[in-house]
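*Asks:* File model_30.cif follows (mmCIF, C-alpha atoms):
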```cif
data_protein
#
loop_
_atom_site.group_PDB
_atom_site.id
_atom_site.type_symbol
_atom_site.label_atom_id
_atom_site.label_comp_id
_atom_site.auth_asym_id
_atom_site.auth_seq_id
_atom_site.Cartn_x
_atom_site.Cartn_y
_atom_site.Cartn_z
ATOM 1 C CA GLY A 1 20.901 34.994 -10.039
ATOM 2 C CA LYS A 2 19.688 38.261 -11.537
ATOM 3 C CA THR A 3 19.760 36.678 -15.011
ATOM 4 C CA ASP A 4 19.257 33.193 -16.445
ATOM 5 C CA SER A 5 22.815 33.179 -17.788
ATOM 6 C CA VAL A 6 24.548 30.286 -16.005
ATOM 7 C CA ILE A 7 27.924 29.571 -14.408
ATOM 8 C CA VAL A 8 28.290 25.918 -13.348
ATOM 9 C CA ILE A 9 30.571 25.292 -10.352
ATOM 10 C CA THR A 10 31.574 21.669 -9.932
ATOM 11 C CA ALA A 11 33.433 19.187 -7.730
ATOM 12 C CA HIS A 12 33.300 15.414 -7.347
ATOM 13 C CA TYR A 13 32.505 13.566 -4.146
ATOM 14 C CA ASP A 14 33.561 10.045 -5.127
ATOM 15 C CA HIS A 15 36.985 8.552 -4.514
ATOM 16 C CA ILE A 16 38.565 5.153 -5.100
ATOM 17 C CA GLY A 17 37.102 3.423 -2.024
ATOM 18 C CA MET A 18 38.994 0.620 -0.308
ATOM 19 C CA ARG A 19 42.088 -1.276 -1.344
ATOM 20 C CA ASP A 20 43.726 -4.024 0.691
ATOM 21 C CA SER A 21 41.396 -3.189 3.626
ATOM 22 C CA LEU A 22 42.644 0.437 3.638
ATOM 23 C CA ILE A 23 40.112 3.241 3.252
ATOM 24 C CA PHE A 24 41.051 5.910 0.721
ATOM 25 C CA ASN A 25 39.131 8.915 2.056
ATOM 26 C CA GLY A 26 40.271 11.380 -0.594
ATOM 27 C CA ALA A 27 40.471 14.465 1.608
ATOM 28 C CA ASP A 28 42.134 16.481 -1.140
ATOM 29 C CA ASP A 29 40.787 14.397 -4.039
ATOM 30 C CA ASP A 30 38.133 15.654 -3.857
ATOM 31 C CA ALA A 31 36.531 16.297 -0.482
ATOM 32 C CA SER A 32 38.402 19.623 -0.631
ATOM 33 C CA GLY A 33 36.476 20.713 -3.718
ATOM 34 C CA THR A 34 33.144 19.388 -2.438
ATOM 35 C CA ALA A 35 33.517 21.167 0.915
ATOM 36 C CA ALA A 36 34.384 24.406 -0.875
ATOM 37 C CA LEU A 37 31.284 23.953 -3.047
ATOM 38 C CA LEU A 38 29.149 23.802 0.114
ATOM 39 C CA ALA A 39 30.813 26.950 1.468
ATOM 40 C CA TYR A 40 30.079 28.798 -1.795
ATOM 41 C CA ILE A 41 26.450 27.654 -1.717
ATOM 42 C CA ASP A 42 26.181 29.177 1.754
ATOM 43 C CA TYR A 43 27.876 32.410 0.661
ATOM 44 C CA PHE A 44 25.687 32.929 -2.401
ATOM 45 C CA SER A 45 22.523 32.153 -0.447
ATOM 46 C CA HIS A 46 23.137 35.577 1.147
ATOM 47 C CA VAL A 47 24.659 37.440 -1.844
ATOM 48 C CA GLU A 48 22.706 37.425 -5.099
ATOM 49 C CA PRO A 49 24.992 36.920 -8.100
ATOM 50 C CA ASN A 50 24.441 38.351 -11.571
ATOM 51 C CA HIS A 51 24.474 34.887 -13.164
ATOM 52 C CA THR A 52 22.415 31.927 -12.074
ATOM 53 C CA LEU A 53 24.904 29.652 -10.324
ATOM 54 C CA VAL A 54 24.466 25.907 -10.658
ATOM 55 C CA PHE A 55 26.418 23.955 -8.037
ATOM 56 C CA ALA A 56 26.962 20.349 -9.088
ATOM 57 C CA ALA A 57 28.604 17.665 -6.942
ATOM 58 C CA PHE A 58 29.410 14.703 -9.167
ATOM 59 C CA ASP A 59 29.777 11.002 -8.592
ATOM 60 C CA ALA A 60 31.914 8.672 -10.726
ATOM 61 C CA GLU A 61 34.647 11.143 -11.644
ATOM 62 C CA GLU A 62 37.204 8.463 -10.856
ATOM 63 C CA MET A 63 35.355 6.136 -13.269
ATOM 64 C CA GLY A 64 35.725 8.349 -16.334
ATOM 65 C CA LEU A 65 33.952 11.627 -15.493
ATOM 66 C CA GLN A 66 30.592 9.875 -15.699
ATOM 67 C CA GLY A 67 28.689 12.299 -13.454
ATOM 68 C CA ALA A 68 29.836 15.331 -15.435
ATOM 69 C CA ARG A 69 29.121 13.571 -18.726
ATOM 70 C CA ALA A 70 25.573 12.792 -17.560
ATOM 71 C CA LEU A 71 24.896 16.413 -16.581
ATOM 72 C CA VAL A 72 26.247 17.784 -19.852
ATOM 73 C CA GLN A 73 24.343 15.186 -21.882
ATOM 74 C CA ASP A 74 21.023 15.665 -20.063
ATOM 75 C CA SER A 75 21.212 19.375 -19.313
ATOM 76 C CA VAL A 76 18.263 21.500 -20.394
ATOM 77 C CA PHE A 77 20.269 24.679 -19.770
ATOM 78 C CA LEU A 78 23.615 23.982 -21.488
ATOM 79 C CA ASP A 79 22.959 26.690 -24.088
ATOM 80 C CA LYS A 80 22.836 29.246 -21.256
ATOM 81 C CA VAL A 81 26.109 28.167 -19.607
ATOM 82 C CA LYS A 82 28.815 30.840 -19.878
ATOM 83 C CA MET A 83 31.504 28.822 -18.124
ATOM 84 C CA ASN A 84 32.374 25.929 -15.829
ATOM 85 C CA ILE A 85 34.541 26.415 -12.745
ATOM 86 C CA ASN A 86 35.789 23.012 -11.592
ATOM 87 C CA LEU A 87 37.407 22.331 -8.205
ATOM 88 C CA ASP A 88 39.427 19.135 -7.927
ATOM 89 C CA MET A 89 42.274 18.867 -5.397
ATOM 90 C CA ILE A 90 42.467 22.417 -4.057
ATOM 91 C CA ALA A 91 43.914 21.782 -0.586
ATOM 92 C CA GLN A 92 47.284 20.029 -0.663
ATOM 93 C CA ASN A 93 50.353 22.096 -1.486
ATOM 94 C CA ASP A 94 53.354 23.110 0.602
ATOM 95 C CA LYS A 95 54.328 26.017 -1.682
ATOM 96 C CA ASP A 96 50.961 27.834 -1.660
ATOM 97 C CA GLU A 97 50.597 27.020 -5.380
ATOM 98 C CA ILE A 98 47.547 26.051 -7.379
ATOM 99 C CA TYR A 99 46.964 25.801 -11.108
ATOM 100 C CA ALA A 100 44.208 27.586 -12.994
ATOM 101 C CA VAL A 101 43.875 25.421 -16.093
ATOM 102 C CA GLY A 102 41.959 26.470 -19.195
ATOM 103 C CA THR A 103 43.335 29.838 -20.244
ATOM 104 C CA TYR A 104 45.198 28.301 -23.185
ATOM 105 C CA HIS A 105 41.835 27.332 -24.662
ATOM 106 C CA TYR A 106 39.949 30.387 -23.379
ATOM 107 C CA PRO A 107 42.496 33.229 -23.158
ATOM 108 C CA GLU A 108 39.748 35.784 -22.499
ATOM 109 C CA LEU A 109 39.459 34.362 -18.955
ATOM 110 C CA LYS A 110 43.088 35.041 -17.998
ATOM 111 C CA PRO A 111 42.843 38.847 -17.544
ATOM 112 C CA ILE A 112 39.874 38.337 -15.222
ATOM 113 C CA LEU A 113 41.881 35.890 -13.109
ATOM 114 C CA ASP A 114 44.943 38.115 -13.195
ATOM 115 C CA GLY A 115 42.878 40.908 -11.638
ATOM 116 C CA ILE A 116 41.586 39.094 -8.560
ATOM 117 C CA ASP A 117 42.886 39.200 -4.997
ATOM 118 C CA LYS A 118 44.846 35.930 -4.828
ATOM 119 C CA ALA A 119 44.514 35.712 -1.009
ATOM 120 C CA GLY A 120 48.186 34.730 -0.648
ATOM 121 C CA VAL A 121 48.004 31.903 -3.182
ATOM 122 C CA ASN A 122 50.411 31.695 -6.114
ATOM 123 C CA VAL A 123 48.089 31.005 -9.069
ATOM 124 C CA LEU A 124 49.960 29.259 -11.876
ATOM 125 C CA TYR A 125 48.886 28.737 -15.475
ATOM 126 C CA GLY A 126 49.563 25.778 -17.695
ATOM 127 C CA HIS A 127 48.720 22.089 -17.956
ATOM 128 C CA ASP A 128 46.386 22.913 -20.865
ATOM 129 C CA ASP A 129 48.746 23.507 -23.789
ATOM 130 C CA PRO A 130 49.307 20.288 -25.791
ATOM 131 C CA ASN A 131 52.641 21.697 -27.000
ATOM 132 C CA SER A 132 53.962 22.182 -23.452
ATOM 133 C CA ASN A 133 56.204 19.797 -21.534
ATOM 134 C CA LEU A 134 53.633 19.806 -18.698
ATOM 135 C CA ASP A 135 50.956 17.095 -18.567
ATOM 136 C CA ASP A 136 47.787 18.234 -20.326
ATOM 137 C CA TRP A 137 44.892 18.367 -17.832
ATOM 138 C CA THR A 138 42.306 19.558 -20.373
ATOM 139 C CA TYR A 139 40.289 16.354 -19.903
ATOM 140 C CA ALA A 140 41.662 15.289 -16.505
ATOM 141 C CA SER A 141 38.569 16.090 -14.438
ATOM 142 C CA ASP A 142 34.910 17.101 -14.621
ATOM 143 C CA HIS A 143 35.539 20.194 -16.732
ATOM 144 C CA GLY A 144 36.399 17.910 -19.688
ATOM 145 C CA PRO A 145 32.828 17.201 -20.825
ATOM 146 C CA PHE A 146 32.005 20.925 -20.669
ATOM 147 C CA HIS A 147 35.037 21.736 -22.821
ATOM 148 C CA GLN A 148 33.982 19.079 -25.335
ATOM 149 C CA GLN A 149 30.770 21.064 -25.778
ATOM 150 C CA GLY A 150 32.661 24.342 -26.221
ATOM 151 C CA VAL A 151 31.876 25.653 -22.734
ATOM 152 C CA PRO A 152 34.771 27.757 -21.377
ATOM 153 C CA PHE A 153 36.277 26.399 -18.167
ATOM 154 C CA ILE A 154 38.740 27.096 -15.425
ATOM 155 C CA TYR A 155 39.924 24.065 -13.496
ATOM 156 C CA PHE A 156 41.515 24.816 -10.131
ATOM 157 C CA GLY A 157 43.809 22.059 -8.874
ATOM 158 C CA VAL A 158 47.162 21.433 -7.259
ATOM 159 C CA SER A 159 49.925 19.273 -8.684
ATOM 160 C CA ASP A 160 50.022 15.588 -7.797
ATOM 161 C CA HIS A 161 51.502 15.043 -4.340
ATOM 162 C CA GLU A 162 52.599 12.201 -2.074
ATOM 163 C CA HIS A 163 49.029 11.621 -0.814
ATOM 164 C CA TYR A 164 47.412 11.548 -4.266
ATOM 165 C CA HIS A 165 45.378 8.323 -4.602
ATOM 166 C CA GLN A 166 46.900 7.060 -1.345
ATOM 167 C CA HIS A 167 45.220 6.071 1.916
ATOM 168 C CA THR A 168 47.108 8.976 3.538
ATOM 169 C CA ASP A 169 44.893 11.536 1.744
ATOM 170 C CA ASP A 170 43.153 12.342 5.039
ATOM 171 C CA PHE A 171 42.041 15.461 6.858
ATOM 172 C CA GLU A 172 45.134 15.303 9.083
ATOM 173 C CA THR A 173 47.494 15.690 6.109
ATOM 174 C CA ILE A 174 45.759 18.794 4.690
ATOM 175 C CA PRO A 175 47.645 22.082 5.298
ATOM 176 C CA GLN A 176 44.699 23.989 6.722
ATOM 177 C CA GLU A 177 45.981 27.519 6.157
ATOM 178 C CA PHE A 178 46.685 26.889 2.472
ATOM 179 C CA TYR A 179 43.268 25.310 2.039
ATOM 180 C CA LYS A 180 41.531 28.339 3.566
ATOM 181 C CA LYS A 181 43.482 30.684 1.294
ATOM 182 C CA SER A 182 42.718 28.512 -1.712
ATOM 183 C CA VAL A 183 38.975 28.532 -0.980
ATOM 184 C CA GLN A 184 39.024 32.317 -0.553
ATOM 185 C CA MET A 185 40.980 32.847 -3.773
ATOM 186 C CA ILE A 186 38.522 30.718 -5.744
ATOM 187 C CA LEU A 187 35.584 32.613 -4.229
ATOM 188 C CA ASN A 188 37.246 35.829 -5.414
ATOM 189 C CA ALA A 189 37.539 34.270 -8.879
ATOM 190 C CA ILE A 190 33.885 33.202 -8.946
ATOM 191 C CA LYS A 191 32.819 36.727 -8.004
ATOM 192 C CA ALA A 192 35.071 38.236 -10.673
ATOM 193 C CA PHE A 193 33.756 35.927 -13.408
ATOM 194 C CA ASP A 194 30.206 36.640 -12.268
ATOM 195 C CA GLU A 195 30.827 40.376 -12.616
ATOM 196 C CA SER A 196 32.809 40.221 -15.876
ATOM 197 C CA LEU A 197 31.134 37.670 -18.158
#
```
Mind turning the file's structure into structure tokens?
*Replies:*
Amino acid sequence: GKTDSVIVITAHYDHIGMRDSLIFNGADDDASGTAALLAYIDYFSHVEPNHTLVFAAFDAEEMGLQGARALVQDSVFLDKVKMNINLDMIAQNDKDEIYAVGTYHYPELKPILDGIDKAGVNVLYGHDDPNSNLDDWTYASDHGPFHQQGVPFIYFGVSDHEHYHQHTDDFETIPQEFYKKSVQMILNAIKAFDESL
């Protein structure tokens, strides 16, 4: 980037493996986030951002966010990190809906998100207010260790669905058009945060 101020963009590449001789490929959870990460690496190799972007693909998310915890614990640049953008389950929704979690804790990020081109995706807020009737996802994925250190985060993820942690979470069950829109919307968000923070 043009500065040494850092935005960390994360996804996890592990899943739950095999159970009863069935392979759980985890197409949505979280190959969808990891594939998007690779697409963003390609994009920003041609477009220089303002911030230095650190792209981190984690292992052992399903075992207690261990990859993210290791990065946060061992990072030599954590004091320069302005925010974490975490992608976990961004491909599987039949209503074109995805949650942007974190604005309850970091309300200054919401106007930036409100201003982006949503690319046909309905971006919902919530799952971060402990007083809400929605499950609290504040520590549900790799953004949790960043939040514990006071690093602002936005976690993009869909609601649980019929393929979540099932052997049917395969490429064939992913609604391709929604996934493409989701990836584009998140790219628009990354660019907006890069320009605004």
*Asks:* If I put a ball of radius 6 Å at (39.8, 26.1, -20.7) in the file's coordinates, which residues poke into it when counting all atoms listed in the file, written as a list of chain:residue names?
*Replies:* A:Gly102, A:Thr103, A:His105, A:Tyr106, A:Pro152, A:Phe153, A:Ile154
*Asks:* When you count all atoms listed in the file, which of these residues is closest to Gly150 (chain A): A:Asn131, A:Asn84, A:Ser196, A:Asn188?
*Replies:*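 Closest to Gly150 (chain A) of all the choices is A:Asn84.
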*Asks:* When you draw a straight line from CA of Gln66 (chain A) to CA of Pro145 (chain A), how long is it in Å?
*Replies:*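 One can read the CA of Gln66 (chain A) to CA of Pro145 (chain A) distance as 9.2 Å.
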*Asks:* Please write as a list of chain:residue names the full residue list that the PyMOL selection byres ((chain A and resi 180) around 12) yields on this file.
*Replies:*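 Selected by the PyMOL selection byres ((chain A and resi 180) around 12) in this file: A:Ser32, A:Gly33, A:Ala35, A:Ala36, A:Ala39, A:Ile90, A:Ala91, A:Gln92, A:Asn93, A:Asp96, A:Lys118, A:Ala119, A:Gly120, A:Val121, A:Ile174, A:Pro175, A:Gln176, A:Glu177, A:Phe178, A:Tyr179, A:Lys181, A:Ser182, A:Val183, A:Gln184, A:Met185, A:Ile186, A:Leu187.
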*Asks:* I'd like the contact shell of Gly17 (chain A) - 12 Å cut-off, all atoms listed in the file, skipping same-chain residues fewer than 5 positions apart - returned as a list in words.
*Replies:*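 My reading of the contact set: Leu22, Ile23, Phe24, Asn25, Gly26, Asp29, Ala60, Glu62, Met63, His165, Gln166, His167 and Asp169 of chain A.
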*Asks:* Using the chain letters and numbers from the file, which residues does the PyMOL selection byres ((chain A and resi 142) around 6) grab, as a VMD selection string?
*Replies:* chain A and resid 65 68 141 143 to 144
*Asks:* Between A:Thr3, A:Glu61, A:Glu97, A:Lys82, which one has atoms that come closest to His15 (chain A), using only C-alpha atoms?
*Replies:*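 Among the listed residues, the smallest separation from His15 (chain A) belongs to A:Glu61.
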*Asks:* Please indicate the distance in Å from CA of Asp88 (chain A) to CA of Ala140 (chain A), rounded to one decimal place.
*Replies:*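 Those two atoms sit 9.7 Å apart.
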*Asks:* So how far away is CA of Lys95 (chain A) from CA of Tyr125 (chain A), in Å?
*Replies:*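 Going from CA of Tyr125 (chain A) over to CA of Lys95 (chain A) covers 15.1 Å.
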*Asks:* For each of A:Asp14, A:Glu108, A:Asp79, A:Asp30, take the minimum atom-to-atom distance to Val151 (chain A), counting all atoms listed in the file, then give the residue where this is smallest.
*Replies:*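 For Val151 (chain A), the nearest of the candidates is A:Asp79.
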*Asks:* Translate the PyMOL selection byres ((chain A and resi 75) around 12) into a concrete residue list for this structure, as a PyMOL selection string.
*Replies:* chain A and resi 6+8+54+56+67-74+76-81+145-146+149
*Asks:* Find, counting all atoms listed in the file, the residue in A:Glu48, A:Met83, A:Tyr155, A:Phe55 that gets nearest to Val101 (chain A).
*Replies:*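 That would be A:Tyr155, the residue with the smallest distance to Val101 (chain A).
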*Asks:* Of the candidates A:Leu113, A:Ala11, A:Met18, A:Ala31, which one gets nearest to Lys191 (chain A) if we count all atoms listed in the file?
*Replies:*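 Closest to Lys191 (chain A), using all atoms listed in the file: A:Leu113.
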*Asks:* With all atoms listed in the file as the basis for distance, which of A:Ile112, A:Ala57, A:Ile98, A:Val123 is at the shortest distance from Ser159 (chain A)?
*Replies:*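 With all atoms listed in the file as the atom set, the closest residue is A:Ile98.
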*Asks:* Centre and edge lengths of an axis-aligned box around all listed atoms of region 18-30 of chain A, with 6 Å added on each side, are to be given in Å to one decimal, as AutoDock Vina command-line options.
*Replies:*
```
--center_x 40.9 --center_y 6.2 --center_z -0.2 --size_x 17.6 --size_y 32.5 --size_z 19.7
```
